[in-house]
>>> print(open('input27.cif').read())   # mmCIF, C-alpha atoms
data_run
loop_
_atom_site.label_atom_id
_atom_site.label_comp_id
_atom_site.auth_asym_id
_atom_site.auth_seq_id
_atom_site.Cartn_x
_atom_site.Cartn_y
_atom_site.Cartn_z
CA MET A 1 24.03 -21.14 -6.97
CA GLU A 2 26.65 -23.85 -6.28
CA LYS A 3 28.00 -25.85 -9.20
CA GLU A 4 27.28 -29.54 -8.90
CA SER A 5 30.51 -31.35 -8.02
CA LYS A 6 31.22 -34.10 -10.52
CA GLU A 7 33.40 -37.07 -9.81
CA LYS A 8 34.43 -40.23 -11.53
CA THR A 9 34.18 -43.27 -9.31
CA ILE A 10 36.34 -46.33 -9.84
CA ARG A 11 35.38 -49.45 -7.99
CA THR A 12 38.20 -51.66 -6.81
CA LYS A 13 38.26 -54.84 -4.74
CA GLU A 14 38.97 -52.87 -1.60
CA GLY A 15 36.43 -50.07 -2.19
CA THR A 16 36.01 -47.01 -4.41
CA VAL A 17 38.32 -44.35 -5.78
CA LYS A 18 36.83 -40.99 -6.68
CA ILE A 19 38.49 -38.57 -9.05
CA SER A 20 36.80 -35.20 -9.31
CA ASP A 21 36.58 -33.27 -12.58
CA GLU A 22 38.55 -30.51 -10.89
CA VAL A 23 41.50 -32.88 -10.46
CA VAL A 24 41.42 -33.86 -14.13
CA ALA A 25 41.32 -30.16 -15.03
CA ILE A 26 44.28 -29.41 -12.78
CA ILE A 27 46.32 -32.21 -14.36
CA ALA A 28 45.52 -30.82 -17.81
CA GLY A 29 46.36 -27.27 -16.69
CA LEU A 30 49.72 -28.24 -15.21
CA ALA A 31 50.65 -30.30 -18.29
CA THR A 32 49.74 -27.37 -20.54
CA THR A 33 51.79 -24.77 -18.65
CA GLU A 34 54.86 -27.03 -18.90
CA VAL A 35 54.82 -26.81 -22.70
CA LYS A 36 57.48 -24.50 -24.14
CA GLY A 37 55.79 -21.60 -25.90
CA VAL A 38 52.81 -21.36 -23.55
CA ALA A 39 52.80 -17.95 -21.83
CA GLY A 40 49.81 -18.71 -19.64
CA MET A 41 46.25 -19.92 -19.37
CA SER A 42 43.31 -17.76 -20.35
CA GLY A 43 40.52 -17.89 -17.83
CA GLY A 44 38.29 -15.17 -19.27
CA ILE A 45 36.58 -12.60 -17.04
CA VAL A 46 35.99 -15.03 -14.16
CA GLY A 47 39.63 -16.09 -14.22
CA GLY A 48 40.74 -12.48 -14.33
CA LEU A 49 38.60 -11.55 -11.32
CA ALA A 50 39.90 -14.58 -9.42
CA ASP A 51 43.47 -13.49 -10.14
CA PHE A 52 42.57 -9.97 -9.00
CA VAL A 53 41.40 -11.15 -5.59
CA GLY A 54 44.47 -13.38 -5.27
CA LYS A 55 42.75 -16.69 -5.86
CA LYS A 56 44.87 -18.60 -8.37
CA SER A 57 43.68 -21.92 -9.72
CA PRO A 58 45.79 -24.49 -11.56
CA ALA A 59 42.57 -25.41 -13.40
CA LYS A 60 42.17 -21.91 -14.84
CA GLY A 61 41.61 -21.96 -18.58
CA VAL A 62 40.66 -25.64 -18.64
CA LYS A 63 37.27 -27.25 -19.23
CA VAL A 64 36.81 -30.98 -18.95
CA ASP A 65 33.91 -33.25 -19.81
CA VAL A 66 34.37 -36.53 -18.00
CA GLY A 67 32.41 -39.59 -19.10
CA ASP A 68 32.49 -43.13 -17.76
CA GLN A 69 35.94 -44.03 -19.05
CA GLU A 70 36.79 -41.13 -21.32
CA VAL A 71 37.32 -37.39 -21.13
CA THR A 72 37.28 -34.45 -23.52
CA VAL A 73 39.50 -31.52 -22.62
CA ASP A 74 39.39 -27.91 -23.80
CA VAL A 75 42.33 -25.68 -22.93
CA TYR A 76 42.39 -21.93 -23.43
CA VAL A 77 45.91 -20.58 -23.69
CA ILE A 78 48.00 -17.53 -24.44
CA VAL A 79 51.11 -18.35 -26.45
CA GLU A 80 54.46 -16.58 -26.50
CA PHE A 81 55.36 -14.41 -29.44
CA GLY A 82 57.72 -16.07 -31.92
CA VAL A 83 56.56 -19.67 -31.62
CA ARG A 84 54.95 -21.71 -34.35
CA ILE A 85 51.43 -22.07 -33.02
CA PRO A 86 50.45 -25.44 -34.58
CA ASP A 87 53.61 -27.02 -33.12
CA VAL A 88 52.87 -25.66 -29.63
CA ALA A 89 49.23 -26.72 -29.87
CA HIS A 90 50.18 -30.23 -30.94
CA GLU A 91 52.63 -30.54 -28.05
CA ILE A 92 49.90 -29.41 -25.64
CA GLN A 93 47.54 -32.05 -27.00
CA ARG A 94 50.21 -34.73 -26.65
CA LYS A 95 51.28 -33.78 -23.11
CA VAL A 96 47.75 -33.34 -21.77
CA LYS A 97 46.68 -36.71 -23.15
CA LYS A 98 49.71 -38.46 -21.67
CA ALA A 99 49.38 -36.76 -18.26
CA ILE A 100 45.69 -37.54 -17.81
CA GLU A 101 45.90 -41.10 -19.10
CA ASP A 102 48.98 -41.90 -16.98
CA MET A 103 47.61 -40.37 -13.76
CA THR A 104 43.94 -41.28 -13.93
CA GLY A 105 43.55 -44.19 -16.33
CA LEU A 106 40.93 -42.24 -18.25
CA THR A 107 41.02 -42.26 -22.05
CA VAL A 108 41.38 -38.81 -23.54
CA LEU A 109 39.08 -38.63 -26.55
CA GLU A 110 40.00 -35.12 -27.62
CA THR A 111 42.18 -32.25 -26.44
CA ASN A 112 40.96 -29.06 -28.08
CA VAL A 113 43.37 -26.15 -27.91
CA HIS A 114 41.99 -22.62 -28.11
CA ILE A 115 44.62 -19.96 -28.70
CA GLN A 116 43.13 -16.84 -27.08
CA GLY A 117 46.03 -14.45 -27.50
CA VAL A 118 49.73 -13.83 -28.01
CA SER A 119 52.04 -12.54 -25.31
CA PHE A 120 54.67 -10.07 -26.44
CA PRO A 121 57.81 -9.32 -24.44
CA SER A 122 58.54 -5.63 -23.81
CA GLU A 123 61.06 -5.64 -26.64
CA ALA A 124 60.36 -8.28 -29.27
CA LYS A 125 63.61 -8.50 -31.18
CA GLU A 126 62.68 -11.37 -33.44
CA GLU A 127 63.02 -10.66 -37.13
CA ILE A 128 59.85 -11.30 -39.03
CA LYS A 129 61.03 -10.18 -42.47
CA MET B 1 29.18 -12.75 -28.16
CA VAL B 2 28.92 -9.72 -25.87
CA SER B 3 31.90 -7.38 -25.99
CA ARG B 4 33.92 -6.63 -22.86
CA GLN B 5 32.73 -3.01 -22.83
CA SER B 6 29.10 -4.08 -23.11
CA ARG B 7 29.55 -6.50 -20.22
CA MET B 8 30.95 -3.68 -18.07
CA VAL B 9 28.05 -1.34 -18.94
CA ILE B 10 25.51 -4.09 -18.29
CA SER B 11 27.11 -4.72 -14.88
CA ILE B 12 26.89 -1.03 -13.95
CA LEU B 13 23.27 -0.70 -15.12
CA SER B 14 22.26 -3.96 -13.43
CA SER B 15 23.76 -2.77 -10.13
CA GLY B 16 21.75 0.43 -10.45
CA TYR B 17 18.54 -1.45 -11.21
CA LEU B 18 19.23 -3.72 -8.23
CA LEU B 19 19.54 -0.72 -5.91
CA LEU B 20 16.35 0.79 -7.33
CA ALA B 21 14.51 -2.50 -6.84
CA VAL B 22 15.61 -2.67 -3.19
CA LEU B 23 14.62 0.98 -2.72
CA PHE B 24 11.15 0.56 -4.21
CA PHE B 25 10.61 -2.61 -2.22
CA ASN B 26 11.40 -0.78 1.02
CA ILE B 27 9.11 2.10 -0.01
CA SER B 28 6.33 -0.42 -0.56
CA LEU B 29 6.88 -1.59 3.03
CA GLY B 30 6.30 1.94 4.27
CA TRP B 31 9.78 3.43 4.40
CA PHE B 32 9.23 6.87 2.84
CA THR B 33 12.52 8.57 3.75
CA PRO B 34 13.97 8.21 0.24
CA VAL B 35 10.78 9.71 -1.20
CA ASP B 36 11.14 12.74 1.12
CA HIS B 37 14.80 13.10 0.10
CA PHE B 38 13.80 12.88 -3.55
CA ASP B 39 11.18 15.64 -3.13
CA TYR B 40 13.79 17.78 -1.40
CA LEU B 41 16.19 17.12 -4.30
CA LEU B 42 13.61 18.23 -6.86
CA LEU B 43 12.81 21.46 -5.01
CA ASP B 44 16.42 22.64 -4.88
CA PRO B 45 17.58 23.77 -8.35
CA HIS B 46 21.23 23.36 -7.33
CA LYS B 47 20.69 19.75 -6.39
CA ARG B 48 18.50 18.86 -9.38
CA TRP B 49 21.61 18.71 -11.55
CA VAL B 50 22.55 15.48 -9.71
CA LEU B 51 19.40 13.87 -11.05
CA GLY B 52 20.03 15.30 -14.49
CA PHE B 53 23.61 13.99 -14.49
CA ILE B 54 22.56 10.47 -13.46
CA SER B 55 19.84 10.45 -16.13
CA PHE B 56 22.36 11.57 -18.73
CA LEU B 57 24.73 8.74 -17.74
CA VAL B 58 21.94 6.16 -17.97
CA PHE B 59 20.99 7.60 -21.38
CA LEU B 60 24.60 7.28 -22.63
CA PHE B 61 25.01 3.72 -21.32
CA SER B 62 21.71 2.64 -22.87
CA LEU B 63 22.63 4.23 -26.19
CA PHE B 64 25.97 2.46 -26.14
CA LEU B 65 24.34 -0.92 -25.51
CA LEU B 66 21.81 -0.30 -28.26
CA PHE B 67 24.45 0.50 -30.88
CA ASP B 68 26.77 -2.25 -29.71
CA ASN B 69 23.95 -4.74 -30.10
CA LEU B 70 23.09 -3.55 -33.60
CA ARG B 71 26.70 -3.62 -34.79
CA THR B 72 27.62 -6.59 -36.96
CA LYS B 73 29.45 -9.05 -34.79
CA GLN B 74 32.79 -10.38 -35.91
CA LYS B 75 33.48 -14.06 -35.61
CA ILE B 76 36.01 -14.65 -32.86
CA THR B 77 37.52 -18.00 -33.71
CA ALA B 78 39.53 -19.22 -36.64
CA THR B 79 39.79 -22.97 -36.85
CA ILE B 80 43.12 -24.10 -38.12
CA HIS B 81 42.67 -27.79 -38.41
CA GLN B 82 41.53 -31.01 -36.89
CA THR B 83 44.31 -33.28 -35.71
CA ALA B 84 44.21 -36.86 -34.51
CA LEU B 85 44.35 -35.57 -30.94
CA GLY B 86 41.69 -32.89 -31.22
CA GLN B 87 41.02 -29.46 -32.66
CA ILE B 88 43.23 -26.39 -32.76
CA GLU B 89 41.59 -22.98 -32.89
CA ILE B 90 43.13 -19.55 -32.96
CA THR B 91 40.98 -16.57 -32.03
CA ILE B 92 40.69 -13.52 -34.25
CA PRO B 93 42.21 -11.24 -31.54
CA ALA B 94 45.30 -13.47 -31.45
CA LEU B 95 45.62 -13.26 -35.23
CA GLU B 96 45.11 -9.48 -35.11
CA ALA B 97 47.96 -9.17 -32.63
CA LEU B 98 50.25 -11.13 -34.95
CA VAL B 99 49.26 -9.04 -37.98
CA CYS B 100 50.01 -5.83 -36.03
CA LYS B 101 53.37 -7.24 -35.01
CA ALA B 102 54.21 -7.99 -38.65
CA VAL B 103 53.28 -4.43 -39.66
CA GLN B 104 55.49 -3.01 -36.88
CA THR B 105 58.59 -4.26 -38.70
CA PHE B 106 57.90 -1.54 -41.26
CA LYS B 107 59.03 1.62 -39.45
CA GLU B 108 57.37 3.89 -41.99
CA ILE B 109 53.92 2.36 -41.48
CA ASP B 110 51.43 2.53 -38.62
CA VAL B 111 48.36 0.34 -38.69
CA VAL B 112 45.13 2.02 -37.59
CA LYS B 113 43.15 -1.15 -37.02
CA PRO B 114 43.30 -4.53 -38.74
CA ILE B 115 40.01 -6.20 -39.62
CA LEU B 116 40.15 -9.95 -40.01
CA GLU B 117 37.43 -12.12 -41.49
CA LEU B 118 37.35 -15.84 -41.83
CA LYS B 119 35.57 -17.54 -44.72
CA GLU B 120 35.87 -21.22 -45.61
CA ASN B 121 38.91 -21.47 -43.32
CA LYS B 122 40.78 -18.74 -45.24
CA LEU B 123 41.59 -15.37 -43.76
CA THR B 124 40.90 -12.00 -45.33
CA VAL B 125 42.90 -9.17 -43.80
CA VAL B 126 41.87 -5.55 -44.24
CA LEU B 127 44.44 -3.01 -43.08
CA LYS B 128 43.98 0.70 -42.72
CA ILE B 129 47.41 2.24 -42.44
CA LYS B 130 49.17 5.55 -41.91
CA VAL B 131 52.39 6.06 -43.81
CA ASN B 132 55.30 8.46 -43.66
CA PRO B 133 55.60 11.06 -46.38
CA ASP B 134 57.89 10.31 -49.39
CA LEU B 135 57.24 6.60 -49.09
CA ASP B 136 57.10 4.48 -52.24
CA ILE B 137 53.58 3.30 -51.44
CA PRO B 138 53.04 0.65 -54.16
CA GLN B 139 56.34 -1.08 -53.47
CA THR B 140 56.14 -0.91 -49.68
CA THR B 141 52.53 -2.04 -49.45
CA ALA B 142 53.23 -4.94 -51.81
CA GLU B 143 56.10 -5.97 -49.56
CA LEU B 144 53.85 -5.54 -46.52
CA GLN B 145 51.25 -7.90 -47.97
CA HIS B 146 53.94 -10.44 -48.76
CA VAL B 147 55.44 -10.28 -45.26
CA ILE B 148 52.06 -10.58 -43.53
CA LYS B 149 51.02 -13.52 -45.68
CA ASP B 150 54.26 -15.43 -45.11
CA TYR B 151 54.35 -14.65 -41.39
CA ILE B 152 50.75 -15.60 -40.60
CA THR B 153 50.93 -18.75 -42.71
CA GLU B 154 54.19 -19.87 -41.13
CA THR B 155 53.29 -18.94 -37.52
CA THR B 156 49.70 -20.12 -37.39
CA GLY B 157 49.16 -22.46 -40.34
CA THR B 158 46.19 -20.33 -41.41
CA SER B 159 45.68 -19.82 -45.16
CA ILE B 160 45.37 -16.25 -46.36
CA HIS B 161 42.69 -15.50 -48.95
CA THR B 162 43.51 -11.85 -49.52
CA ILE B 163 45.15 -8.84 -47.87
CA LYS B 164 43.60 -5.47 -48.59
CA VAL B 165 45.61 -2.41 -47.70
CA GLU B 166 44.06 1.05 -47.50
CA VAL B 167 46.39 4.00 -47.04
CA ALA B 168 44.14 6.17 -44.91
CA GLN B 169 46.51 8.90 -43.75
CA ILE B 170 49.93 10.41 -44.21
CA ASN B 171 51.88 11.08 -41.03
CA SER B 172 52.60 14.77 -40.72
#
>>> encode(input="input27.cif", output="structure tokens")
Amino acid sequence: MEKESKEKTIRTKEGTVKISDEVVAIIAGLATTEVKGVAGMSGGIVGGLADFVGKKSPAKGVKVDVGDQEVTVDVYVIVEFGVRIPDVAHEIQRKVKKAIEDMTGLTVLETNVHIQGVSFPSEAKEEIK
Amino acid sequence: MVSRQSRMVISILSSGYLLLAVLFFNISLGWFTPVDHFDYLLLDPHKRWVLGFISFLVFLFSLFLLFDNLRTKQKITATIHQTALGQIEITIPALEALVCKAVQTFKEIDVVKPILELKENKLTVVLKIKVNPDLDIPQTTAELQHVIKDYITETTGTSIHTIKVEVAQINS
């Protein structure tokens, strides 16, 4: 069953501009992966299977709900070991909001960050004690 | 929430049911070859074990799903806080990984499995551990609780309600 494609349409003097939800999700995904401390996006089983067959999506791990002029974003991330999670999450919220509002003109109502896991390097040398 | 193992078992069983459905549909249309093969399978005692083996597998998978469904499900998210820009949640598996990492700094301790529960936004950690012989257990476990509490609070912002440590085994 095909998912209904959703788009936001902006009417201008010269015509219309359509921005699909997928584009908003990609913007959010790219902004999130640029944040220091983010190891990657968590796409769940579907994302994992897509990776397995070689189909990578910049919108992986992102869900958007686009309204008339506003959008709510949920990002599912894996963070790097050793970072302070609230700081990373706050930076993600800030960057995603800025990226979407600057590029699309939409108002970001909420950016919800879901920390799905922690990525450990092969030898984590950080002192905890 | 369905566990990953349950999803895998459901996928395998569903594929099997799908094949059976296609088979029975074709039989209903008059294609009796599978029925003849099945009769042949039942007559040969050496080949009947195939049927027995498949039945045993289906029995095991079904039993697994039954028990997995009856098991008390653990909550999988731990809400940290609401900010002006939205909500921040950390899943229980992520917190478990951090707790295990904190325990690893104690060379004389191995954690069997941490159990984390969230109540009123405060975390309860239950640790079953294995320790080396000749360890000063009261002192080391007290230090362990202190380290875990400080580390989780600092790294995630999550408040700790209590940390219960059970020394389950001594490493031989």
>>> resolve_selection(input="input27.cif", expression="the PyMOL selection byres ((chain B) within 12 of (chain A))", output="ChimeraX atom specification")
/B:3-5,7-8,76-106,143-158
>>> write_last_selection(input="input27.cif", atoms="C-alpha atoms", output="tab-separated table (two decimals), in the coordinates of the input")
chain	number	residue	atom	x	y	z
B	3	SER	CA	31.90	-7.38	-25.99
B	4	ARG	CA	33.92	-6.63	-22.86
B	5	GLN	CA	32.73	-3.01	-22.83
B	7	ARG	CA	29.55	-6.50	-20.22
B	8	MET	CA	30.95	-3.68	-18.07
B	76	ILE	CA	36.01	-14.65	-32.86
B	77	THR	CA	37.52	-18.00	-33.71
B	78	ALA	CA	39.53	-19.22	-36.64
B	79	THR	CA	39.79	-22.97	-36.85
B	80	ILE	CA	43.12	-24.10	-38.12
B	81	HIS	CA	42.67	-27.79	-38.41
B	82	GLN	CA	41.53	-31.01	-36.89
B	83	THR	CA	44.31	-33.28	-35.71
B	84	ALA	CA	44.21	-36.86	-34.51
B	85	LEU	CA	44.35	-35.57	-30.94
B	86	GLY	CA	41.69	-32.89	-31.22
B	87	GLN	CA	41.02	-29.46	-32.66
B	88	ILE	CA	43.23	-26.39	-32.76
B	89	GLU	CA	41.59	-22.98	-32.89
B	90	ILE	CA	43.13	-19.55	-32.96
B	91	THR	CA	40.98	-16.57	-32.03
B	92	ILE	CA	40.69	-13.52	-34.25
B	93	PRO	CA	42.21	-11.24	-31.54
B	94	ALA	CA	45.30	-13.47	-31.45
B	95	LEU	CA	45.62	-13.26	-35.23
B	96	GLU	CA	45.11	-9.48	-35.11
B	97	ALA	CA	47.96	-9.17	-32.63
B	98	LEU	CA	50.25	-11.13	-34.95
B	99	VAL	CA	49.26	-9.04	-37.98
B	100	CYS	CA	50.01	-5.83	-36.03
B	101	LYS	CA	53.37	-7.24	-35.01
B	102	ALA	CA	54.21	-7.99	-38.65
B	103	VAL	CA	53.28	-4.43	-39.66
B	104	GLN	CA	55.49	-3.01	-36.88
B	105	THR	CA	58.59	-4.26	-38.70
B	106	PHE	CA	57.90	-1.54	-41.26
B	143	GLU	CA	56.10	-5.97	-49.56
B	144	LEU	CA	53.85	-5.54	-46.52
B	145	GLN	CA	51.25	-7.90	-47.97
B	146	HIS	CA	53.94	-10.44	-48.76
B	147	VAL	CA	55.44	-10.28	-45.26
B	148	ILE	CA	52.06	-10.58	-43.53
B	149	LYS	CA	51.02	-13.52	-45.68
B	150	ASP	CA	54.26	-15.43	-45.11
B	151	TYR	CA	54.35	-14.65	-41.39
B	152	ILE	CA	50.75	-15.60	-40.60
B	153	THR	CA	50.93	-18.75	-42.71
B	154	GLU	CA	54.19	-19.87	-41.13
B	155	THR	CA	53.29	-18.94	-37.52
B	156	THR	CA	49.70	-20.12	-37.39
B	157	GLY	CA	49.16	-22.46	-40.34
B	158	THR	CA	46.19	-20.33	-41.41
>>> closest_residue(input="input27.cif", among="A:Thr32, A:Gln69, A:Thr12, A:Ser20", to="Val96 of chain A", atoms="all atoms listed in the file")
A:Thr32
>>> atom_distance(input="input27.cif", atom1="atom CA of Val24 of chain A", atom2="atom CA of Thr104 of chain A")
7.8 Å
>>> atom_distance(input="input27.cif", atom1="atom CA of Leu13 of chain B", atom2="atom CA of Gly61 of chain A")
28.3 Å
>>> resolve_selection(input="input27.cif", expression="the PyMOL selection byres ((chain B and resi 115) around 8)", output="number ranges by chain")
B: 96, 113-114, 116-117, 125-127
>>> residues_around(input="input27.cif", residues="Leu66 of chain B", least_positions_apart="6", cutoff="12 Å", atoms="all atoms listed in the file", output="PyMOL selection string")
chain B and resi 6+9-10+59-60
>>> residues_near_point(input="input27.cif", point="(53.7, -21.3, -25.1)", cutoff="7 Å", atoms="all atoms listed in the file", output="ChimeraX atom specification")
/A:35-39,78-80,88
>>> atom_distance(input="input27.cif", atom1="atom CA of Thr140 of chain B", atom2="atom CA of Ile109 of chain B")
9.1 Å
>>> residues_around(input="input27.cif", residues="Ile10 of chain A", least_positions_apart="4", cutoff="12 Å", atoms="all atoms listed in the file", output="NGL selection string")
:A and (14-20 or 68-69 or 104-106)
>>> write_last_selection(input="input27.cif", atoms="C-alpha atoms", output="mmCIF file, in the frame of the given file")
data_model
loop_
_atom_site.group_PDB
_atom_site.id
_atom_site.type_symbol
_atom_site.label_atom_id
_atom_site.label_comp_id
_atom_site.auth_asym_id
_atom_site.auth_seq_id
_atom_site.Cartn_x
_atom_site.Cartn_y
_atom_site.Cartn_z
ATOM 1 C CA GLU A 14 38.970 -52.870 -1.600
ATOM 2 C CA GLY A 15 36.430 -50.070 -2.190
ATOM 3 C CA THR A 16 36.010 -47.010 -4.410
ATOM 4 C CA VAL A 17 38.320 -44.350 -5.780
ATOM 5 C CA LYS A 18 36.830 -40.990 -6.680
ATOM 6 C CA ILE A 19 38.490 -38.570 -9.050
ATOM 7 C CA SER A 20 36.800 -35.200 -9.310
ATOM 8 C CA ASP A 68 32.490 -43.130 -17.760
ATOM 9 C CA GLN A 69 35.940 -44.030 -19.050
ATOM 10 C CA THR A 104 43.940 -41.280 -13.930
ATOM 11 C CA GLY A 105 43.550 -44.190 -16.330
ATOM 12 C CA LEU A 106 40.930 -42.240 -18.250
#
>>> residues_around(input="input27.cif", residues="Val23 of chain A", least_positions_apart="4", cutoff="10 Å", atoms="only C-alpha atoms", output="list of chain:residue names")
A:Glu7, A:Ile19, A:Ile27, A:Ala28, A:Gly29, A:Pro58, A:Ala59, A:Val64, A:Ile100, A:Thr104
